[in-house]
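Listing of coords-v3.cif, mmCIF, C-alpha atoms and all ligand atoms
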```
data_work
#
loop_
_atom_site.label_atom_id
_atom_site.label_comp_id
_atom_site.auth_asym_id
_atom_site.auth_seq_id
_atom_site.Cartn_x
_atom_site.Cartn_y
_atom_site.Cartn_z
CA MET F 5 -8.58 -11.13 15.61
CA LEU F 6 -11.09 -9.18 17.72
CA GLU F 7 -14.19 -11.13 18.73
CA ILE F 8 -17.18 -9.39 20.30
CA ASP F 9 -19.77 -11.80 21.57
CA GLY F 10 -23.16 -10.92 23.04
CA LEU F 11 -22.14 -7.37 23.95
CA SER F 12 -24.68 -5.31 25.90
CA VAL F 13 -24.27 -1.84 27.40
CA ARG F 14 -26.73 -0.11 29.73
CA TYR F 15 -26.74 3.35 31.23
CA GLY F 16 -29.23 2.90 34.09
CA PRO F 17 -32.52 2.19 32.36
CA VAL F 18 -31.17 3.02 28.86
CA ARG F 19 -30.28 -0.03 26.80
CA ALA F 20 -27.60 1.43 24.56
CA VAL F 21 -26.37 -1.88 23.05
CA GLU F 22 -28.21 -5.21 23.07
CA ASP F 23 -26.57 -8.51 22.18
CA LEU F 24 -24.11 -7.40 19.54
CA SER F 25 -21.67 -9.93 18.11
CA LEU F 26 -19.06 -9.29 15.46
CA THR F 27 -15.55 -10.28 14.48
CA VAL F 28 -12.73 -8.17 13.08
CA ALA F 29 -10.05 -10.32 11.46
CA ALA F 30 -6.47 -9.08 11.74
CA ASP F 31 -6.41 -7.97 8.10
CA ALA F 32 -10.07 -6.91 7.71
CA ALA F 33 -12.15 -3.75 7.91
CA VAL F 34 -15.57 -3.91 9.54
CA ALA F 35 -18.05 -1.03 9.34
CA VAL F 36 -20.70 -0.42 12.00
CA LEU F 37 -23.40 1.81 10.56
CA GLY F 38 -26.41 3.32 12.24
CA PRO F 39 -28.25 6.56 12.90
CA ASN F 40 -27.76 8.83 15.92
CA GLY F 41 -28.23 6.98 19.16
CA ALA F 42 -27.93 3.52 17.58
CA GLY F 43 -25.27 2.46 20.08
CA LYS F 44 -22.17 2.72 17.89
CA THR F 45 -20.09 4.88 20.22
CA SER F 46 -21.19 2.83 23.23
CA THR F 47 -19.97 -0.30 21.44
CA LEU F 48 -16.48 1.15 20.93
CA ARG F 49 -16.40 2.53 24.48
CA ALA F 50 -17.31 -0.88 25.85
CA VAL F 51 -14.64 -2.65 23.77
CA SER F 52 -11.98 -0.26 25.00
CA GLY F 53 -13.06 -0.59 28.64
CA LEU F 54 -14.52 2.88 29.09
CA VAL F 55 -18.01 1.73 30.05
CA PRO F 56 -19.15 -1.49 31.74
CA HIS F 57 -20.67 -4.16 29.54
CA ARG F 58 -21.99 -7.68 29.44
CA GLY F 59 -20.75 -10.24 26.98
CA SER F 60 -17.17 -10.97 26.04
CA VAL F 61 -14.51 -9.20 24.03
CA ARG F 62 -11.46 -11.23 23.01
CA LEU F 63 -8.30 -10.36 21.16
CA ASP F 64 -6.59 -13.36 19.59
CA GLY F 65 -8.52 -15.60 21.95
CA ALA F 66 -7.60 -13.75 25.16
CA VAL F 67 -10.38 -11.97 27.07
CA LEU F 68 -9.68 -8.24 27.33
CA PRO F 69 -9.29 -7.00 30.90
CA GLY F 70 -12.71 -5.54 31.77
CA ARG F 71 -12.72 -1.85 32.59
CA SER F 72 -9.05 -1.12 32.09
CA PRO F 73 -8.64 1.14 29.06
CA ARG F 74 -4.89 1.39 29.52
CA ARG F 75 -4.35 -2.37 29.61
CA ILE F 76 -6.73 -2.87 26.69
CA ALA F 77 -4.77 -0.33 24.64
CA ARG F 78 -1.55 -2.07 25.66
CA ALA F 79 -3.01 -5.37 24.52
CA GLY F 80 -3.42 -3.79 21.06
CA VAL F 81 -6.96 -2.43 20.85
CA VAL F 82 -6.52 1.29 20.29
CA HIS F 83 -9.43 3.74 20.16
CA VAL F 84 -9.61 6.96 18.13
CA PRO F 85 -12.65 8.62 19.72
CA GLU F 86 -14.98 11.04 18.03
CA GLY F 87 -13.65 14.55 18.54
CA ARG F 88 -9.93 13.82 17.93
CA ARG F 89 -8.35 14.06 21.33
CA VAL F 90 -4.90 15.56 20.93
CA PHE F 91 -2.80 17.65 23.29
CA GLY F 92 -3.29 21.20 22.06
CA SER F 93 -0.33 22.56 23.98
CA LEU F 94 2.12 20.08 22.41
CA SER F 95 3.54 20.11 18.91
CA VAL F 96 2.59 17.47 16.36
CA GLU F 97 5.80 15.55 16.98
CA GLU F 98 5.46 15.82 20.76
CA ASN F 99 1.92 14.45 20.49
CA LEU F 100 3.31 11.46 18.65
CA ARG F 101 6.25 11.03 21.02
CA VAL F 102 4.06 10.87 24.14
CA ALA F 103 1.87 8.19 22.55
CA THR F 104 4.65 5.95 21.23
CA VAL F 105 5.35 2.57 22.77
CA ALA F 106 8.88 2.47 21.33
CA GLY F 107 11.40 2.06 24.14
CA ARG F 108 8.70 0.97 26.61
CA GLY F 109 9.33 -2.75 26.32
CA ARG F 110 6.74 -3.29 23.60
CA GLU F 111 7.16 -3.90 19.93
CA ALA F 112 6.48 -0.74 17.90
CA ARG F 113 4.40 -1.78 14.93
CA PHE F 114 4.53 1.78 13.56
CA THR F 115 7.28 4.29 14.22
CA ILE F 116 6.89 8.06 14.02
CA ALA F 117 8.68 7.87 10.66
CA ASP F 118 6.03 5.36 9.47
CA VAL F 119 3.30 7.81 10.54
CA TYR F 120 4.94 10.63 8.58
CA ASP F 121 5.17 8.32 5.59
CA LEU F 122 1.47 7.41 5.83
CA LEU F 123 0.33 10.96 6.64
CA PRO F 124 2.81 13.31 4.93
CA ALA F 125 0.80 16.39 5.92
CA LEU F 126 1.89 15.74 9.52
CA ALA F 127 5.57 15.60 8.58
CA SER F 128 5.47 19.09 7.15
CA MET F 129 3.96 20.51 10.34
CA ARG F 130 5.81 18.44 12.92
CA GLY F 131 6.86 21.51 14.92
CA ARG F 132 3.46 23.19 14.88
CA GLY F 133 1.31 23.36 18.04
CA ALA F 134 -1.62 20.97 17.78
CA TRP F 135 -3.97 23.78 18.80
CA ALA F 136 -3.21 25.43 15.44
CA LEU F 137 -4.23 22.42 13.32
CA SER F 138 -7.43 22.23 11.29
CA GLY F 139 -10.03 19.60 12.16
CA GLY F 140 -8.74 17.31 9.42
CA GLU F 141 -5.13 17.71 10.55
CA GLN F 142 -6.17 16.94 14.12
CA GLN F 143 -7.92 13.81 12.92
CA MET F 144 -4.72 12.78 11.12
CA LEU F 145 -2.73 13.42 14.29
CA ALA F 146 -5.21 11.41 16.37
CA ILE F 147 -4.80 8.52 13.92
CA GLY F 148 -1.01 8.93 14.05
CA ARG F 149 -1.09 8.80 17.86
CA ALA F 150 -3.14 5.61 17.71
CA LEU F 151 -0.67 4.03 15.28
CA VAL F 152 2.43 4.68 17.39
CA ALA F 153 0.57 3.00 20.27
CA SER F 154 1.07 -0.23 18.27
CA PRO F 155 -2.47 -1.39 17.49
CA ALA F 156 -3.53 -4.84 16.38
CA VAL F 157 -7.02 -3.38 15.93
CA LEU F 158 -7.99 0.27 15.53
CA LEU F 159 -11.40 1.46 16.74
CA LEU F 160 -12.40 4.53 14.75
CA ASP F 161 -15.41 6.56 15.85
CA GLU F 162 -16.88 8.57 12.96
CA PRO F 163 -13.49 9.51 11.54
CA SER F 164 -14.97 11.61 8.73
CA LEU F 165 -17.44 13.55 10.89
CA GLY F 166 -17.29 17.28 10.26
CA LEU F 167 -14.48 17.09 7.70
CA ALA F 168 -14.48 18.58 4.21
CA PRO F 169 -15.08 15.82 1.63
CA SER F 170 -11.54 16.02 0.22
CA VAL F 171 -10.05 15.70 3.72
CA ALA F 172 -12.32 12.79 4.58
CA ASP F 173 -11.19 11.12 1.33
CA ARG F 174 -7.55 11.49 2.40
CA ILE F 175 -8.32 9.96 5.78
CA TYR F 176 -9.95 7.00 4.04
CA ASP F 177 -6.97 6.66 1.66
CA THR F 178 -4.87 6.22 4.79
CA PHE F 179 -7.19 3.48 6.08
CA ARG F 180 -6.90 1.77 2.68
CA ARG F 181 -3.12 1.72 3.06
CA LEU F 182 -3.39 0.45 6.63
CA LYS F 183 -5.75 -2.36 5.75
CA GLY F 184 -4.00 -5.68 5.98
CA ALA F 185 -1.54 -4.39 8.57
CA VAL F 186 -4.17 -3.68 11.27
CA GLY F 187 -7.75 -4.72 11.86
CA LEU F 188 -10.12 -1.78 11.41
CA LEU F 189 -13.46 -1.35 13.19
CA ILE F 190 -14.98 1.82 11.80
CA VAL F 191 -18.18 3.42 13.06
CA GLU F 192 -19.93 5.82 10.71
CA GLN F 193 -23.34 7.39 10.19
CA VAL F 194 -22.58 8.14 6.55
CA ALA F 195 -21.96 4.93 4.64
CA SER F 196 -20.48 5.95 1.30
CA ARG F 197 -16.76 6.07 2.13
CA VAL F 198 -16.61 3.23 4.60
CA LEU F 199 -18.43 0.89 2.20
CA GLY F 200 -15.49 1.40 -0.15
CA ILE F 201 -13.09 -0.35 2.21
CA ALA F 202 -15.22 -2.52 4.52
CA ASP F 203 -15.28 -6.27 4.08
CA THR F 204 -18.22 -6.68 6.43
CA VAL F 205 -21.00 -4.36 7.57
CA VAL F 206 -23.08 -4.42 10.74
CA VAL F 207 -26.10 -2.10 10.86
CA MET F 208 -27.36 -1.04 14.29
CA ARG F 209 -30.61 0.59 15.24
CA GLU F 210 -31.75 1.42 18.78
CA GLY F 211 -28.91 -0.62 20.23
CA ARG F 212 -29.57 -3.77 18.25
CA PRO F 213 -27.84 -5.28 15.24
CA VAL F 214 -30.50 -5.25 12.51
CA GLY F 215 -28.41 -6.46 9.59
CA SER F 216 -24.94 -7.78 8.87
CA GLY F 217 -23.06 -9.37 6.01
CA PRO F 218 -20.57 -8.72 3.23
CA ALA F 219 -20.30 -5.02 2.33
CA ALA F 220 -21.59 -5.66 -1.20
CA GLU F 221 -25.00 -6.53 0.30
CA PHE F 222 -25.31 -2.96 1.60
CA ALA F 223 -24.38 -1.16 -1.58
CA ASP F 224 -27.92 0.04 -2.37
CA PRO F 225 -28.20 3.35 -0.47
CA VAL F 226 -32.01 3.32 -0.38
CA ARG F 227 -32.20 -0.18 1.13
CA LEU F 228 -29.47 0.74 3.59
CA ALA F 229 -31.23 3.94 4.66
CA ARG F 230 -34.46 2.00 5.16
CA LEU F 231 -32.69 -0.55 7.32
CA MET F 232 -31.08 2.22 9.35
CA ILE F 233 -34.33 4.04 10.02
CA GLY F 234 -36.42 0.92 10.49
CA VAL F 235 -38.70 0.73 7.48
CA GLY F 236 -39.72 -2.94 7.53
CA GLU F 237 -39.59 -5.37 4.61
CA GLU F 238 -43.37 -5.11 4.16
CA ASP F 239 -43.28 -1.31 4.11
CA GLU F 240 -40.37 -1.52 1.71
CA ARG F 241 -42.37 -3.72 -0.68
CA ALA F 242 -45.35 -1.40 -0.41
CA ALA F 243 -43.15 1.60 -1.15
CA ASP F 244 -41.72 -0.15 -4.21
CA VAL F 245 -45.16 -0.72 -5.77
P1 LIG P 1 -24.12 9.10 17.86
O1 LIG P 1 -23.80 8.91 16.45
O2 LIG P 1 -25.16 10.17 18.10
O3 LIG P 1 -22.92 9.20 18.76
P2 LIG P 1 -24.35 6.34 18.61
O4 LIG P 1 -24.87 5.35 17.64
O5 LIG P 1 -22.89 6.39 18.79
O6 LIG P 1 -24.91 7.75 18.28
P3 LIG P 1 -24.49 6.08 21.46
O7 LIG P 1 -23.79 7.38 21.67
O8 LIG P 1 -23.74 4.84 21.75
O9 LIG P 1 -25.05 5.99 19.99
O10 LIG P 1 -25.83 6.11 22.30
C1 LIG P 1 -26.70 4.98 22.42
C2 LIG P 1 -27.83 5.32 23.40
O11 LIG P 1 -27.28 5.47 24.71
C3 LIG P 1 -28.55 6.61 23.11
O12 LIG P 1 -29.91 6.42 23.45
C4 LIG P 1 -27.89 7.61 24.04
O13 LIG P 1 -28.80 8.65 24.36
C5 LIG P 1 -27.59 6.74 25.23
N1 LIG P 1 -26.40 7.20 25.96
C6 LIG P 1 -25.15 7.37 25.47
N2 LIG P 1 -24.28 7.76 26.43
C7 LIG P 1 -25.01 7.83 27.57
C8 LIG P 1 -24.71 8.17 28.94
N3 LIG P 1 -23.46 8.49 29.32
N4 LIG P 1 -25.73 8.13 29.83
C9 LIG P 1 -26.99 7.81 29.46
N5 LIG P 1 -27.35 7.46 28.22
C10 LIG P 1 -26.38 7.47 27.27
#
```
Would you put the structure from the file into structure tokens?
Amino acid sequence: MLEIDGLSVRYGPVRAVEDLSLTVAADAAVAVLGPNGAGKTSTLRAVSGLVPHRGSVRLDGAVLPGRSPRRIARAGVVHVPEGRRVFGSLSVEENLRVATVAGRGREARFTIADVYDLLPALASMRGRGAWALSGGEQQMLAIGRALVASPAVLLLDEPSLGLAPSVADRIYDTFRRLKGAVGLLIVEQVASRVLGIADTVVVMREGRPVGSGPAAEFADPVRLARLMIGVGEEDERAADV
């Protein structure tokens, strides 16, 4: 279980995240929703040790080691950043092989064969250079690389951004199959897909959590959009009249 408690991130005078707390159970999916600049990416970067933060982040009760992305990934919190970082000069299979923990003294929760089973499109292009993949294929490869790194929790930063709807649906089908085996913390600006698999939702605006609860409470897109852009309850009532 990943527990984030009182997380704050600042960049000089900019308060990117203020006092965010949330929990991702080992078999759960949590969605963090918010508009541009809400602090979603900064939250994931803080959890994975890429930017300094205040507050605590624990995995199964153990505090994660501060600003040490490599040790945090080794502990089982694996980040798939926005922009799908893959090695363009390596083939699909080589990209997976360099990320795998198998044979490095750690338990491999997912093998390369498991990744090909979950993402069959990758299996059929295992010899292809990653530079030649489409955006959706690169996203699949980035997810595959995260899986062979043996995650207990996956941090996914806008995994559907810029993808054709059918490709984004396939990516979310994969998350559906992964749910239960890994904790999922998924950041999105567009709510529709992630609401289909999230157990819990946290809405952020201007760095602050402004709403959280079971996903069903966020099913009304108009209410959710109002929360995201900051139309208050009173304004909302006035607009309903
Ligand atoms: P987006 O969807 O646009 O990525 P976000 O919700 O992920 O938005 P963040 O990228 O975390 O939001 O940004 C939160 C705030 O921190 C914004 O005001 C942003 O301008 C600011 N910010 C982000 N990175 C930096 C940085 N390296 N230096 C200074 N300010 C930053």
Kindly compile the residues surrounding ligand LIG 1 (chain P) within 7 Å, counting all atoms listed in the file, and format them as an mmCIF file with C-alpha atoms, keeping the file's coordinate frame.
```
data_model
loop_
_atom_site.group_PDB
_atom_site.id
_atom_site.type_symbol
_atom_site.label_atom_id
_atom_site.label_comp_id
_atom_site.auth_asym_id
_atom_site.auth_seq_id
_atom_site.Cartn_x
_atom_site.Cartn_y
_atom_site.Cartn_z
ATOM 1 C CA TYR F 15 -26.740 3.350 31.230
ATOM 2 C CA VAL F 18 -31.170 3.020 28.860
ATOM 3 C CA ARG F 19 -30.280 -0.030 26.800
ATOM 4 C CA ALA F 20 -27.600 1.430 24.560
ATOM 5 C CA VAL F 21 -26.370 -1.880 23.050
ATOM 6 C CA GLY F 38 -26.410 3.320 12.240
ATOM 7 C CA PRO F 39 -28.250 6.560 12.900
ATOM 8 C CA ASN F 40 -27.760 8.830 15.920
ATOM 9 C CA GLY F 41 -28.230 6.980 19.160
ATOM 10 C CA ALA F 42 -27.930 3.520 17.580
ATOM 11 C CA GLY F 43 -25.270 2.460 20.080
ATOM 12 C CA LYS F 44 -22.170 2.720 17.890
ATOM 13 C CA THR F 45 -20.090 4.880 20.220
ATOM 14 C CA SER F 46 -21.190 2.830 23.230
ATOM 15 C CA THR F 47 -19.970 -0.300 21.440
ATOM 16 C CA GLN F 193 -23.340 7.390 10.190
ATOM 17 C CA GLY F 211 -28.910 -0.620 20.230
#
```
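The protein and nucleic acid residues lying at most 7 Å from Glu192 of chain F are F:Val36, F:Leu37, F:Asp161, F:Glu162, F:Ile190, F:Val194, F:Ala195, with all atoms listed in the file considered and sequence neighbours fewer than 2 positions away removed.
For segment 26-33 of chain F, the residues within 9 Å (counting all atoms listed in the file, excluding itself and residues fewer than 2 positions away along the chain) are Met5, Leu6, Glu7, Ile8, Asp9, Gly10, Leu24, Ala35, Asp64, Ala156, Val157, Phe179, Lys183, Gly184, Ala185, Val186, Gly187, Leu188, Leu189, Ile190, Val198, Ile201, Ala202, Asp203, Thr204, Val205, Val206 and Ser216 of chain F.
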#### Entry: Minimum-distance residue to Val61 of chain F, chosen among F:Ala134, F:Val171, F:Leu94, F:Leu11 (using all atoms listed in the file)
F:Leu11
Show me, as a compact mmCIF listing (two decimals) with C-alpha atoms, in the frame of the given file, the residues that have an atom within 6 Å of Ser95 of chain F when counting all atoms listed in the file, minus same-chain residues fewer than 4 positions from it.
```txt
# COMPACT_ATOMS: atom_id res chain seq x y z
CA GLY F 131 6.86 21.51 14.92
CA ARG F 132 3.46 23.19 14.88
CA GLY F 133 1.31 23.36 18.04
CA ALA F 134 -1.62 20.97 17.78
```
### Query
Leaving out segment 99-101 of chain F and any residue of its chain fewer than 2 positions from it, which residues lie within 7 Å of it when counting only C-alpha atoms, given as a ChimeraX atom specification?
/F:90-91,94-97,103-104,116,148-149,152
### Query
Quick one, how far is atom CA of Ser12 of chain F from atom CA of Leu63 of chain F?
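Distance between the two atoms: 17.8 Å.
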### Query
Which residue, F:Leu54, F:Ala77, F:Ala223, F:Leu228, has the smallest gap to Val207 of chain F when you use all atoms listed in the file?
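Ranking F:Leu54, F:Ala77, F:Ala223, F:Leu228 by distance to Val207 of chain F, first place goes to F:Leu228.
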### Message
For a test of reading the model, state the distance in Å between atom CA of Thr178 of chain F and atom CA of Ser138 of chain F, rounded to one decimal.
### Response
17.5 Å
### Query
How many Å separate atom CA of Val55 of chain F from atom CA of Pro155 of chain F?
20.2 Å
